[in-house]
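**Student:** Handing over model.cif, mmCIF, C-alpha atoms.
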```cif
data_input
loop_
_atom_site.label_atom_id
_atom_site.label_comp_id
_atom_site.auth_asym_id
_atom_site.auth_seq_id
_atom_site.Cartn_x
_atom_site.Cartn_y
_atom_site.Cartn_z
CA MET K 1 -76.93 -75.66 114.05
CA GLY K 2 -73.74 -77.60 114.81
CA THR K 3 -70.10 -76.95 114.02
CA PHE K 4 -67.34 -78.85 112.27
CA GLU K 5 -63.74 -78.76 113.49
CA LEU K 6 -61.17 -79.14 110.72
CA VAL K 7 -57.50 -79.51 111.62
CA LEU K 8 -55.16 -78.89 108.69
CA VAL K 9 -51.55 -80.05 109.03
CA ARG K 10 -48.85 -79.35 106.46
CA HIS K 11 -46.56 -82.19 105.41
CA GLY K 12 -42.98 -82.32 106.67
CA PHE K 13 -39.94 -80.88 104.93
CA SER K 14 -39.68 -82.63 101.57
CA GLU K 15 -37.17 -83.16 98.78
CA GLY K 16 -39.12 -80.55 96.82
CA ASN K 17 -38.74 -78.03 99.66
CA GLU K 18 -35.03 -78.76 99.93
CA GLN K 19 -34.40 -78.37 96.21
CA GLY K 20 -36.60 -75.31 95.67
CA LEU K 21 -39.10 -77.07 93.40
CA LEU K 22 -42.76 -76.47 92.64
CA SER K 23 -43.61 -80.07 93.53
CA GLY K 24 -47.39 -79.79 93.25
CA TRP K 25 -48.76 -83.20 92.29
CA SER K 26 -45.33 -84.82 92.03
CA ASP K 27 -44.67 -87.58 94.56
CA VAL K 28 -41.57 -86.22 96.28
CA THR K 29 -40.50 -87.80 99.57
CA LEU K 30 -39.74 -86.36 102.97
CA THR K 31 -36.09 -85.65 103.70
CA GLN K 32 -34.31 -87.11 106.71
CA ARG K 33 -34.44 -83.60 108.21
CA GLY K 34 -38.19 -83.56 107.61
CA ARG K 35 -38.68 -86.89 109.39
CA GLU K 36 -36.57 -85.79 112.36
CA GLU K 37 -38.49 -82.51 112.66
CA LEU K 38 -41.79 -84.40 112.60
CA ARG K 39 -40.61 -86.81 115.30
CA GLU K 40 -39.67 -83.84 117.46
CA LEU K 41 -43.08 -82.24 116.84
CA ARG K 42 -44.77 -85.53 117.77
CA ARG K 43 -43.05 -85.28 121.16
CA THR K 44 -43.54 -81.57 121.77
CA ALA K 45 -46.51 -80.18 119.81
CA ASP K 46 -50.12 -80.33 120.93
CA TYR K 47 -52.15 -81.51 117.94
CA PRO K 48 -55.91 -81.53 118.52
CA VAL K 49 -57.52 -84.96 118.69
CA THR K 50 -60.26 -85.44 116.10
CA GLU K 51 -62.74 -88.17 115.22
CA ARG K 52 -61.42 -88.79 111.69
CA TYR K 53 -57.97 -88.59 110.08
CA TYR K 54 -57.30 -88.13 106.36
CA SER K 55 -54.36 -87.32 104.12
CA SER K 56 -53.68 -86.05 100.65
CA ASP K 57 -52.80 -89.12 98.61
CA LEU K 58 -49.25 -87.89 97.92
CA VAL K 59 -46.43 -89.72 99.71
CA ARG K 60 -45.07 -86.68 101.58
CA CYS K 61 -48.45 -86.31 103.31
CA ARG K 62 -48.98 -90.02 103.95
CA ASP K 63 -45.51 -90.29 105.48
CA THR K 64 -46.16 -87.19 107.59
CA PHE K 65 -49.30 -88.82 108.95
CA GLU K 66 -47.28 -91.91 109.92
CA GLU K 67 -44.57 -89.85 111.64
CA LEU K 68 -47.06 -87.74 113.61
CA TYR K 69 -49.91 -90.13 114.32
CA ALA K 70 -48.79 -93.79 114.04
CA GLY K 71 -50.06 -95.65 117.12
CA ARG K 72 -52.23 -92.67 118.08
CA ALA K 73 -54.74 -92.54 115.23
CA VAL K 74 -55.83 -94.57 112.22
CA LEU K 75 -55.80 -93.09 108.73
CA ASP K 76 -59.45 -93.13 107.63
CA GLY K 77 -58.72 -92.45 103.98
CA LEU K 78 -56.79 -90.64 101.28
CA ARG K 79 -58.26 -87.44 99.85
CA PRO K 80 -56.73 -86.53 96.44
CA GLU K 81 -58.88 -83.39 96.38
CA PHE K 82 -56.61 -82.00 99.12
CA ARG K 83 -53.52 -82.13 96.85
CA GLU K 84 -51.32 -79.09 96.29
CA ILE K 85 -51.71 -76.78 93.29
CA HIS K 86 -51.12 -78.66 90.04
CA PHE K 87 -48.22 -76.80 88.43
CA GLY K 88 -48.43 -78.67 85.09
CA SER K 89 -45.29 -78.29 82.97
CA LEU K 90 -43.73 -76.10 85.69
CA GLU K 91 -43.57 -78.99 88.16
CA ASN K 92 -40.16 -79.94 89.50
CA ILE K 93 -38.29 -77.11 87.83
CA ARG K 94 -35.75 -75.61 90.24
CA TRP K 95 -36.52 -71.94 90.81
CA LYS K 96 -34.73 -69.19 92.73
CA PRO K 97 -36.69 -67.49 95.54
CA GLU K 98 -37.27 -64.36 93.43
CA GLU K 99 -38.66 -66.54 90.61
CA PHE K 100 -41.06 -68.19 93.07
CA ALA K 101 -42.17 -64.73 94.20
CA ARG K 102 -42.80 -63.56 90.61
CA PHE K 103 -44.74 -66.71 89.77
CA PHE K 104 -47.01 -66.46 92.80
CA ARG K 105 -47.64 -62.72 92.29
CA ALA K 106 -48.89 -63.54 88.79
CA TRP K 107 -50.83 -66.62 89.95
CA LEU K 108 -52.55 -64.71 92.75
CA SER K 109 -53.60 -61.96 90.33
CA GLY K 110 -55.21 -64.53 88.04
CA VAL K 111 -52.48 -64.61 85.38
CA ARG K 112 -51.46 -68.09 84.24
CA VAL K 113 -47.77 -68.46 83.43
CA ALA K 114 -48.14 -71.83 81.66
CA ASP K 115 -50.60 -74.70 82.08
CA GLU K 116 -50.80 -74.65 85.87
CA GLU K 117 -54.09 -74.95 87.76
CA SER K 118 -55.54 -71.45 88.01
CA ARG K 119 -56.07 -69.81 91.37
CA GLU K 120 -59.81 -69.76 90.73
CA ALA K 121 -59.92 -73.49 89.92
CA PHE K 122 -57.67 -74.37 92.85
CA THR K 123 -59.75 -72.34 95.30
CA ALA K 124 -62.95 -73.96 94.02
CA ARG K 125 -61.37 -77.42 94.37
CA VAL K 126 -60.20 -77.00 97.96
CA ARG K 127 -63.36 -75.21 99.10
CA GLY K 128 -65.38 -78.02 97.52
CA ALA K 129 -63.15 -80.58 99.24
CA VAL K 130 -63.91 -79.05 102.64
CA ASN K 131 -67.64 -78.86 101.93
CA THR K 132 -67.73 -82.50 100.80
CA LEU K 133 -65.73 -83.66 103.82
CA ALA K 134 -67.98 -81.73 106.21
CA GLU K 135 -71.08 -83.16 104.54
CA GLN K 136 -69.77 -86.74 104.70
CA CYS K 137 -68.75 -86.36 108.32
CA ARG K 138 -72.10 -84.82 109.25
CA ALA K 139 -73.91 -87.76 107.61
CA GLU K 140 -71.87 -90.12 109.83
CA GLY K 141 -72.44 -88.08 113.00
CA VAL K 142 -68.79 -86.96 113.03
CA HIS K 143 -67.94 -83.41 114.08
CA SER K 144 -64.16 -83.21 113.65
CA ALA K 145 -61.46 -84.30 111.21
CA THR K 146 -57.74 -83.84 110.60
CA VAL K 147 -56.33 -83.61 107.08
CA VAL K 148 -52.59 -83.79 106.38
CA THR K 149 -52.17 -81.65 103.29
CA HIS K 150 -50.05 -78.95 101.61
CA SER K 151 -49.21 -75.31 102.29
CA GLY K 152 -51.07 -74.00 99.23
CA VAL K 153 -54.25 -75.77 100.34
CA ILE K 154 -54.03 -74.37 103.87
CA LYS K 155 -53.16 -70.83 102.77
CA THR K 156 -55.93 -70.78 100.15
CA LEU K 157 -58.53 -71.97 102.64
CA LEU K 158 -57.47 -69.45 105.29
CA VAL K 159 -57.50 -66.52 102.86
CA SER K 160 -60.74 -67.59 101.19
CA LEU K 161 -62.66 -68.35 104.39
CA ARG K 162 -61.49 -65.13 106.03
CA GLY K 163 -62.18 -63.01 102.94
CA LEU K 164 -58.63 -61.62 103.02
CA PRO K 165 -56.84 -59.78 100.18
CA ASP K 166 -54.40 -61.53 97.81
CA GLU K 167 -51.32 -60.35 99.70
CA ALA K 168 -52.43 -62.33 102.75
CA TRP K 169 -51.80 -65.57 100.81
CA ARG K 170 -48.11 -64.72 100.39
CA THR K 171 -47.67 -63.60 104.01
CA THR K 172 -49.58 -66.46 105.67
CA GLN K 173 -47.07 -68.76 107.35
CA VAL K 174 -47.58 -72.54 107.40
CA PRO K 175 -44.38 -74.19 108.67
CA ASN K 176 -43.75 -77.83 107.78
CA GLY K 177 -45.51 -80.16 110.21
CA ARG K 178 -47.69 -77.38 111.64
CA GLY K 179 -51.06 -75.99 110.66
CA TYR K 180 -54.36 -74.61 111.89
CA ALA K 181 -57.44 -75.76 113.78
CA LEU K 182 -60.54 -74.29 112.18
CA VAL K 183 -64.05 -74.28 113.57
CA LEU K 184 -66.54 -74.07 110.72
CA ASP K 185 -70.30 -74.12 110.50
CA GLU K 186 -71.61 -77.64 109.94
CA THR K 187 -71.59 -77.19 106.15
CA GLY K 188 -67.92 -76.22 106.10
CA THR K 189 -68.60 -72.90 104.38
CA GLU K 190 -68.32 -70.33 107.19
CA LEU K 191 -65.26 -69.87 109.40
CA LEU K 192 -66.17 -69.36 113.05
CA SER K 193 -62.65 -69.48 114.55
CA CYS K 194 -59.07 -70.27 113.60
CA GLU K 195 -56.07 -71.12 115.75
CA ALA K 196 -52.51 -71.96 114.75
CA ILE K 197 -51.19 -75.30 116.01
#
```
Just dump the structure as structure tokens.

**Tutor:**
Amino acid sequence: MGTFELVLVRHGFSEGNEQGLLSGWSDVTLTQRGREELRELRRTADYPVTERYYSSDLVRCRDTFEELYAGRAVLDGLRPEFREIHFGSLENIRWKPEEFARFFRAWLSGVRVADEESREAFTARVRGAVNTLAEQCRAEGVHSATVVTHSGVIKTLLVSLRGLPDEAWRTTQVPNGRGYALVLDETGTELLSCEAI
């Protein structure tokens, strides 16, 4: 049985990050700070080379791909299934840090505050996205892929694949422009190893 390497990279610092928004599916752009940080990471960070490169279809991820990989890799496609949590009517409302904390405590415990995507539905979506990507790559004889995505996607996958408790979601760190290199079984369902990048 083979393996599948999945590199997950979080988008750069965005307008939503700067303003303290739940941006979710909203198409917020990178800030100038975000672009400069990504250019520095391009020079200094060691991102694994993979056979395929994908991005969430949202502009902050597409622009991150360009900043990090332009001239080094070709974007093989956009993957909307790797979007952030859909926050529904809560999107783009400015919240204080303590309000963010309260929201995510409720969300992680399965309580919906409004019409946001539930944790259960979000987890099923991103786990399904990984399984589908692994299956498509396997059918093409490809054993590794990079996806530029969002912090919620990365945190949810790490916690779910590791079988960690809810609190691990809130404490898992995914800095802008960084991420994790995962080695999965060939179906994308079992985590064999994980390394921060």

**Student:** Specify as a list in words each residue included when the PyMOL selection byres ((chain K and resi 149) around 8) is applied to this file.

**Tutor:**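 Matching residues under the PyMOL selection byres ((chain K and resi 149) around 8) are Leu8, Val9, Arg10, His11, Ser55, Ser56, Cys61, Phe82, Arg83, Glu84, Val147, Val148, His150, Ser151, Val153 and Ile154 of chain K.
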
**Student:** Between CA of Arg79 in chain K and CA of Tyr54 in chain K, what is the distance in Å, rounded to a tenth?

**Tutor:**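 Interatomic distance, CA of Arg79 in chain K to CA of Tyr54 in chain K: 6.6 Å.
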
**Student:** Might you spell out which residues the PyMOL selection byres ((chain K and resi 66-74) around 7) would select in the displayed file, as a list in words?

**Tutor:**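 Applied to this file, the PyMOL selection byres ((chain K and resi 66-74) around 7) selects Arg35, Leu38, Arg39, Arg42, Tyr53, Arg62, Asp63, Thr64, Phe65, Leu75 and Asp76 of chain K.
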
**Student:** Dump C-alpha atoms for the selected residues as a PDB file, keeping the file's coordinate frame?

**Tutor:**
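To be explicit, this is the file written out as result-v9.pdb:
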```pdb
ATOM      1  CA  ARG K  35     -38.680 -86.890 109.390  1.00  0.00           C
ATOM      2  CA  LEU K  38     -41.790 -84.400 112.600  1.00  0.00           C
ATOM      3  CA  ARG K  39     -40.610 -86.810 115.300  1.00  0.00           C
ATOM      4  CA  ARG K  42     -44.770 -85.530 117.770  1.00  0.00           C
ATOM      5  CA  TYR K  53     -57.970 -88.590 110.080  1.00  0.00           C
ATOM      6  CA  ARG K  62     -48.980 -90.020 103.950  1.00  0.00           C
ATOM      7  CA  ASP K  63     -45.510 -90.290 105.480  1.00  0.00           C
ATOM      8  CA  THR K  64     -46.160 -87.190 107.590  1.00  0.00           C
ATOM      9  CA  PHE K  65     -49.300 -88.820 108.950  1.00  0.00           C
ATOM     10  CA  LEU K  75     -55.800 -93.090 108.730  1.00  0.00           C
ATOM     11  CA  ASP K  76     -59.450 -93.130 107.630  1.00  0.00           C
TER      12      ASP K  76
END
```

**Student:** Evaluate the PyMOL selection byres ((chain K and resi 162) around 10) against this structure - the residues, as a PyMOL selection string, please.

**Tutor:** chain K and resi 156-161+163-165+190-194

**Student:** So which one's closest to Phe87 in chain K, K:Ala114, K:Leu133, K:Leu182, K:Ala124? Using all atoms listed in the file, please.

**Tutor:** K:Ala114

**Student:** What is the distance, in Å and to one decimal place, between CA of Asp27 in chain K and CA of Cys137 in chain K?

**Tutor:**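 According to the coordinates, CA of Asp27 in chain K and CA of Cys137 in chain K are separated by 27.8 Å.
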